[in-house]
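Visitor: upload.cif is reproduced in full below (mmCIF, C-alpha atoms).
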data_data
#
loop_
_atom_site.group_PDB
_atom_site.id
_atom_site.type_symbol
_atom_site.label_atom_id
_atom_site.label_comp_id
_atom_site.auth_asym_id
_atom_site.auth_seq_id
_atom_site.Cartn_x
_atom_site.Cartn_y
_atom_site.Cartn_z
ATOM 1 C CA LYS H 1 134.464 110.549 212.761
ATOM 2 C CA ASP H 2 136.908 108.685 210.563
ATOM 3 C CA ASN H 3 139.204 108.087 213.503
ATOM 4 C CA ARG H 4 136.426 106.750 215.607
ATOM 5 C CA THR H 5 134.898 104.435 212.978
ATOM 6 C CA LYS H 6 137.881 103.303 210.921
ATOM 7 C CA GLY H 7 140.144 102.863 213.918
ATOM 8 C CA PHE H 8 137.624 100.578 215.546
ATOM 9 C CA GLU H 9 137.447 98.350 212.471
ATOM 10 C CA LYS H 10 141.251 98.039 212.453
ATOM 11 C CA TRP H 11 141.283 97.197 216.136
ATOM 12 C CA ARG H 12 138.560 94.552 215.592
ATOM 13 C CA LYS H 13 140.441 92.883 212.726
ATOM 14 C CA THR H 14 143.758 92.928 214.563
ATOM 15 C CA THR H 15 142.301 91.558 217.768
ATOM 16 C CA LYS H 16 140.263 88.931 215.906
ATOM 17 C CA ASP H 17 143.324 87.946 213.870
ATOM 18 C CA VAL H 18 145.235 87.181 217.071
ATOM 19 C CA TYR H 19 142.510 84.852 218.274
ATOM 20 C CA LEU H 20 142.071 83.322 214.783
ATOM 21 C CA ARG H 21 145.794 82.535 214.586
ATOM 22 C CA ALA H 22 145.726 81.133 218.118
ATOM 23 C CA GLY H 23 142.765 78.870 217.135
ATOM 24 C CA GLN H 24 144.565 77.685 214.009
ATOM 25 C CA PHE H 25 147.664 76.977 216.085
ATOM 26 C CA ILE H 26 145.602 74.943 218.554
ATOM 27 C CA ASP H 27 143.942 73.030 215.660
ATOM 28 C CA ALA H 28 147.363 72.231 214.149
ATOM 29 C CA ILE H 29 148.682 70.925 217.482
ATOM 30 C CA ALA H 30 145.483 68.888 217.945
ATOM 31 C CA ARG H 31 145.813 67.329 214.449
ATOM 32 C CA LYS H 32 149.432 66.431 215.150
ATOM 33 C CA GLU H 33 148.568 64.870 218.506
ATOM 34 C CA MET H 34 145.614 62.970 216.989
ATOM 35 C CA ALA H 35 147.811 61.538 214.223
ATOM 36 C CA ILE H 36 150.388 60.408 216.782
ATOM 37 C CA ASN H 37 147.632 58.957 218.992
ATOM 38 C CA GLU H 38 146.019 57.088 216.056
ATOM 39 C CA GLN H 39 149.373 55.650 215.029
ATOM 40 C CA VAL H 40 150.088 54.545 218.591
ATOM 41 C CA GLU H 41 146.566 53.084 218.924
ATOM 42 C CA SER H 42 146.915 51.101 215.679
ATOM 43 C CA GLN H 43 150.264 49.743 216.888
ATOM 44 C CA LEU H 44 148.735 48.884 220.253
ATOM 45 C CA GLU H 45 145.801 47.204 218.491
ATOM 46 C CA ALA H 46 148.200 45.212 216.282
ATOM 47 C CA ILE H 47 150.118 44.135 219.397
ATOM 48 C CA GLU H 48 146.855 43.295 221.121
ATOM 49 C CA LYS H 49 145.595 41.224 218.177
ATOM 50 C CA HIS H 50 148.973 39.662 217.393
ATOM 51 C CA ALA H 51 147.943 36.260 218.766
ATOM 52 C CA GLU H 52 144.632 36.399 216.885
ATOM 53 C CA ASN H 53 146.413 37.364 213.659
ATOM 54 C CA LEU H 54 148.906 34.535 214.088
ATOM 55 C CA GLU H 55 146.024 32.082 214.636
ATOM 56 C CA LEU H 56 144.169 33.406 211.574
ATOM 57 C CA GLU H 57 147.351 33.143 209.511
ATOM 58 C CA ARG H 58 147.919 29.576 210.754
ATOM 59 C CA LEU H 59 144.328 28.587 209.951
ATOM 60 C CA SER H 60 144.557 30.164 206.505
ATOM 61 C CA LYS H 61 147.796 28.313 205.781
ATOM 62 C CA LEU H 62 146.316 25.051 207.105
ATOM 63 C CA HIS H 63 143.224 25.515 204.908
ATOM 64 C CA SER H 64 145.426 26.147 201.844
ATOM 65 C CA GLU H 65 147.535 23.057 202.532
ATOM 66 C CA ARG H 66 144.446 20.900 202.986
ATOM 67 C CA VAL H 67 142.789 22.284 199.858
ATOM 68 C CA GLU H 68 145.956 21.419 197.948
ATOM 69 C CA LEU H 69 145.734 17.828 199.231
ATOM 70 C CA VAL H 70 142.030 17.439 198.467
ATOM 71 C CA CYS H 71 141.890 19.286 195.121
ATOM 72 C CA ARG H 72 143.463 16.326 193.293
ATOM 73 C CA TYR H 73 140.428 14.222 194.109
ATOM 74 C CA VAL H 74 137.545 16.625 193.405
ATOM 75 C CA PRO H 75 136.309 18.247 190.182
ATOM 76 C CA ASP H 76 137.105 21.843 189.300
ATOM 77 C CA GLY H 77 134.784 24.370 190.896
ATOM 78 C CA PHE H 78 134.209 22.180 193.958
ATOM 79 C CA GLU H 79 133.026 24.156 196.998
ATOM 80 C CA PHE H 80 135.353 23.263 199.850
ATOM 81 C CA PRO H 81 134.036 23.363 203.414
ATOM 82 C CA ASN H 82 136.166 25.150 206.004
ATOM 83 C CA LEU H 83 138.965 22.587 206.194
ATOM 84 C CA SER H 84 140.975 24.537 208.763
ATOM 85 C CA ASN H 85 138.381 23.999 211.513
ATOM 86 C CA MET H 86 138.422 20.195 211.136
ATOM 87 C CA ASP H 87 140.349 18.037 213.554
ATOM 88 C CA GLN H 88 143.195 16.131 211.946
ATOM 89 C CA GLU H 89 141.354 12.791 212.263
ATOM 90 C CA VAL H 90 138.202 14.224 210.698
ATOM 91 C CA PHE H 91 140.209 15.750 207.869
ATOM 92 C CA GLU H 92 142.042 12.474 207.218
ATOM 93 C CA ALA H 93 138.688 10.659 207.038
ATOM 94 C CA TYR H 94 137.366 13.361 204.681
ATOM 95 C CA LEU H 95 140.480 13.098 202.505
ATOM 96 C CA SER H 96 140.350 9.299 202.374
ATOM 97 C CA THR H 97 136.656 9.447 201.417
ATOM 98 C CA LYS H 98 137.351 11.868 198.564
ATOM 99 C CA LYS H 99 140.365 9.817 197.474
ATOM 100 C CA SER H 100 138.370 6.553 197.511
ATOM 101 C CA ALA H 101 135.533 8.113 195.512
ATOM 102 C CA PHE H 102 138.009 9.507 192.987
ATOM 103 C CA GLU H 103 139.839 6.190 192.623
ATOM 104 C CA ALA H 104 136.523 4.325 192.274
ATOM 105 C CA LYS H 105 135.471 6.748 189.541
ATOM 106 C CA ILE H 106 138.800 6.309 187.716
ATOM 107 C CA ALA H 107 138.541 2.512 188.041
ATOM 108 C CA ALA H 108 134.978 2.569 186.705
ATOM 109 C CA GLU H 109 136.035 4.734 183.749
ATOM 110 C CA LYS H 110 138.978 2.446 183.056
ATOM 111 C CA LYS H 111 136.764 -0.648 183.238
ATOM 112 C CA ALA H 112 134.178 0.953 180.945
ATOM 113 C CA GLU H 113 136.930 1.842 178.464
ATOM 114 C CA GLU H 114 138.323 -1.701 178.580
ATOM 115 C CA GLU H 115 134.836 -3.125 178.024
ATOM 116 C CA ARG H 116 134.265 -0.755 175.104
ATOM 117 C CA LEU H 117 137.579 -1.774 173.542
ATOM 118 C CA GLU H 118 136.722 -5.453 174.080
ATOM 119 C CA ARG H 119 133.316 -4.969 172.404
ATOM 120 C CA GLU H 120 134.996 -3.202 169.474
ATOM 121 C CA LYS H 121 137.538 -6.009 169.205
ATOM 122 C CA ILE H 122 134.784 -8.660 169.258
ATOM 123 C CA LEU H 123 132.775 -6.742 166.661
ATOM 124 C CA ALA H 124 135.792 -6.357 164.390
ATOM 125 C CA LEU H 125 136.578 -10.076 164.731
ATOM 126 C CA HIS H 126 132.915 -10.914 164.074
ATOM 127 C CA ASN H 127 132.938 -8.827 160.883
ATOM 128 C CA GLU H 128 136.209 -10.382 159.735
ATOM 129 C CA ARG H 129 134.938 -13.917 160.335
ATOM 130 C CA PHE H 130 131.593 -13.047 158.756
ATOM 131 C CA GLN H 131 133.434 -12.097 155.562
ATOM 132 C CA ILE H 132 135.298 -15.422 155.662
ATOM 133 C CA LEU H 133 132.025 -17.358 156.117
ATOM 134 C CA LEU H 134 130.067 -15.370 153.529
ATOM 135 C CA PRO H 135 130.739 -17.819 150.643
ATOM 136 C CA TYR H 136 129.436 -20.634 152.846
ATOM 137 C CA TRP H 137 126.481 -18.724 154.370
ATOM 138 C CA GLN H 138 123.800 -20.849 152.728
ATOM 139 C CA PHE H 139 125.209 -23.936 154.418
ATOM 140 C CA LEU H 140 125.041 -22.492 157.948
ATOM 141 C CA SER H 141 122.266 -23.745 160.142
ATOM 142 C CA GLU H 142 119.837 -21.152 161.479
ATOM 143 C CA GLU H 143 121.369 -21.552 164.938
ATOM 144 C CA ASP H 144 124.929 -21.091 163.612
ATOM 145 C CA SER H 145 123.967 -17.999 161.582
ATOM 146 C CA LYS H 146 122.819 -16.263 164.802
ATOM 147 C CA LEU H 147 126.165 -16.807 166.541
ATOM 148 C CA SER H 148 128.474 -13.937 167.384
ATOM 149 C CA PHE H 149 131.534 -15.095 165.465
ATOM 150 C CA GLY H 150 133.718 -12.670 167.414
ATOM 151 C CA GLN H 151 133.028 -14.529 170.657
ATOM 152 C CA LEU H 152 134.008 -17.941 169.303
ATOM 153 C CA THR H 153 137.465 -19.222 170.095
ATOM 154 C CA GLN H 154 139.795 -19.680 167.155
ATOM 155 C CA GLU H 155 139.402 -23.486 167.367
ATOM 156 C CA GLU H 156 135.579 -23.236 167.436
ATOM 157 C CA PHE H 157 135.566 -20.908 164.457
ATOM 158 C CA GLU H 158 137.961 -23.095 162.480
ATOM 159 C CA ALA H 159 135.824 -26.175 163.246
ATOM 160 C CA LEU H 160 132.703 -24.296 162.063
ATOM 161 C CA LEU H 161 134.526 -23.181 158.923
ATOM 162 C CA VAL H 162 135.686 -26.746 158.149
ATOM 163 C CA VAL H 163 132.114 -28.036 158.546
ATOM 164 C CA GLN H 164 130.816 -25.336 156.187
ATOM 165 C CA LYS H 165 133.579 -25.951 153.642
ATOM 166 C CA ASN H 166 132.805 -29.697 153.714
ATOM 167 C CA ALA H 167 129.092 -28.912 153.303
ATOM 168 C CA LYS H 168 129.924 -26.736 150.273
ATOM 169 C CA ILE H 169 132.177 -29.438 148.806
ATOM 170 C CA ALA H 170 129.414 -32.022 149.291
ATOM 171 C CA PHE H 171 126.856 -29.619 147.793
ATOM 172 C CA ASP H 172 129.137 -28.849 144.822
ATOM 173 C CA ALA H 173 129.762 -32.588 144.300
ATOM 174 C CA HIS H 174 126.030 -33.237 144.428
ATOM 175 C CA GLN H 175 125.400 -30.387 141.953
ATOM 176 C CA GLU H 176 128.091 -31.742 139.653
ATOM 177 C CA LYS H 177 126.491 -35.184 139.824
ATOM 178 C CA ILE H 178 123.112 -33.661 138.942
ATOM 179 C CA ARG H 179 124.700 -31.676 136.119
ATOM 180 C CA GLN H 180 126.360 -34.829 134.760
ATOM 181 C CA GLU H 181 123.035 -36.670 134.962
ATOM 182 C CA ASN H 182 121.295 -33.815 133.183
ATOM 183 C CA ILE H 183 123.903 -33.898 130.405
ATOM 184 C CA LYS H 184 123.507 -37.639 130.140
ATOM 185 C CA LEU H 185 119.695 -37.382 130.081
ATOM 186 C CA LYS H 186 119.858 -34.624 127.485
ATOM 187 C CA GLU H 187 122.151 -36.714 125.305
ATOM 188 C CA GLU H 188 119.789 -39.660 125.626
ATOM 189 C CA ALA H 189 116.812 -37.437 124.828
ATOM 190 C CA ASP H 190 118.654 -35.976 121.830
ATOM 191 C CA LYS H 191 119.538 -39.508 120.724
ATOM 192 C CA ARG H 192 115.935 -40.647 121.017
ATOM 193 C CA GLU H 193 114.750 -37.654 119.070
ATOM 194 C CA ALA H 194 117.285 -38.279 116.395
ATOM 195 C CA GLU H 195 116.001 -41.857 115.956
#
Here is the file; what I need is its structure written in the form of C-alpha cells.

Guide:
Amino acid sequence: KDNRTKGFEKWRKTTKDVYLRAGQFIDAIARKEMAINEQVESQLEAIEKHAENLELERLSKLHSERVELVCRYVPDGFEFPNLSNMDQEVFEAYLSTKKSAFEAKIAAEKKAEEERLEREKILALHNERFQILLPYWQFLSEEDSKLSFGQLTQEEFEALLVVQKNAKIAFDAHQEKIRQENIKLKEEADKREAE
C-alpha cells in the first residue's frame, strides 16, 4: 500500500516540478524579451518623435527668450500669453506696445514726482516769504494777502516787500507824529491845569 500511494505522490511532485521549472524558464525568457522589446520601442519612439521634440525644444527656447525681452516692461506676476506661437511681426508689435506702455508709465511717474517737488519748493518759498512779510502783514491789501508768495518772481516779491516796508515807514512816521501831538497836547493841558 505504501509503495502504491507514496510512490505516486513522489512521481506527481517530480513530474509537476519539471513542468513548473519549464514554465518559470519560459516566463524568465519572456520577461527578458519584453524588456529588450520595450527598450527598443522607446528608442524607436524617441527616433520617431525626434523632429517633434526638436520643435518643442525650439518653441520652449523661443518662448523663454521672448519672456526675457518682455519681462522688463511688465509687472511681476504678469501672465504671459504663449509667445512662441506668435509670428515675429506680431511679437515685435506686442513688445513695442508693452515697452511704450512701460515708458509712458515711467514718464508719468517722473512728471508726477517733478510736479510734487515743484509744489514742495513753491510751498517752502511761500512759507519763507510769508515769514519775511509777517511784520508788514497789516499793511498788505486783501488781494495781496491772498497771493501765493512762492509763485511770485524774486523781482515781484522784492517790489511787494518794498511797498510794504514803505507803508510801515509811513505808518510809523504818522504814529510818531500823532504821539508827538499827543505829548504836545498833554503838555498844553497840564499847563492849562497848572494855571

Visitor: Convert the output of the PyMOL selection byres ((chain H and resi 82) around 12) on the shown file into explicit residues, formatted as a list in words.

Guide: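 Listing what the PyMOL selection byres ((chain H and resi 82) around 12) selects in the shown file: Leu59, Ser60, Leu62, His63, Ser64, Arg66, Val67, Glu79, Phe80, Pro81, Leu83, Ser84, Asn85, Met86, Asp87, Phe91 and Tyr94 of chain H.
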
Visitor: H:Gly150: which residues within 8 Å, counting only C-alpha atoms, same-chain residues fewer than 5 positions away excluded, as a compact mmCIF listing (two decimals) with C-alpha atoms, in the coordinates of the input?

Guide:
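Final output, saved to selection.txt:
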# COMPACT_ATOMS: atom_id res chain seq x y z
CA LYS H 121 137.54 -6.01 169.20
CA ILE H 122 134.78 -8.66 169.26
CA LEU H 123 132.78 -6.74 166.66
CA ALA H 124 135.79 -6.36 164.39
CA LEU H 125 136.58 -10.08 164.73
CA HIS H 126 132.92 -10.91 164.07
CA ASN H 127 132.94 -8.83 160.88
CA ARG H 129 134.94 -13.92 160.34

Visitor: Please report as CSV every residue of stretch 53-144 of chain H lying within 12 Å of stretch 164-185 of chain H, along with the nearest atom pair and their distance in Å (one decimal), using all atoms listed in the file.

Guide:
residue,atom,partner,partner_atom,distance
H:Ile132,CA,H:Lys165,CA,10.9
H:Leu133,CA,H:Gln164,CA,8.1
H:Leu134,CA,H:Gln164,CA,10.3
H:Pro135,CA,H:Lys168,CA,9.0
H:Tyr136,CA,H:Gln164,CA,5.9
H:Trp137,CA,H:Gln164,CA,8.1
H:Gln138,CA,H:Lys168,CA,8.8
H:Phe139,CA,H:Gln164,CA,6.0
H:Leu140,CA,H:Gln164,CA,6.7
H:Ser141,CA,H:Gln164,CA,9.6
H:Asp144,CA,H:Gln164,CA,10.4

Visitor: What is the distance, in Å and to one decimal place, between atom CA of H:Leu95 and atom CA of H:Cys71?

Guide: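 So the two atoms, atom CA of H:Leu95 and atom CA of H:Cys71, lie 9.7 Å apart.
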
Visitor: Extending 6 Å beyond the listed atoms of stretch 79-96 of chain H on each side, what axis-aligned box results? I want centre and edge lengths in Å to one decimal, as JSON.

Guide:
{"center_x": 138.1, "center_y": 17.2, "center_z": 205.3, "size_x": 22.2, "size_y": 27.9, "size_z": 28.6}

Visitor: Just to confirm, what's the straight-line distance from atom CA of H:Val163 to atom CA of H:Ser145 in Å (one decimal)?

Guide: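 Straight-line distance from atom CA of H:Val163 to atom CA of H:Ser145 works out to 13.3 Å.
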
Visitor: Could you tell me how far atom CA of H:Glu156 lies from atom CA of H:Glu115, in Å and to one decimal?

Guide: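 Separating atom CA of H:Glu156 from atom CA of H:Glu115 is a distance of 22.7 Å.
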
Visitor: Kindly indicate which residue among H:Leu117, H:Ala189, H:Val90, H:Gln131 lies nearest to H:Phe149, using all atoms listed in the file for the distances.

Guide: H:Gln131

Visitor: Calculated over all atoms listed in the file, which of the candidates H:Lys146, H:Tyr73, H:Arg12, H:Arg119 has the smallest distance to H:Ala104?

Guide: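 Looking only at the distances to H:Ala104, the closest residue turns out to be H:Tyr73.
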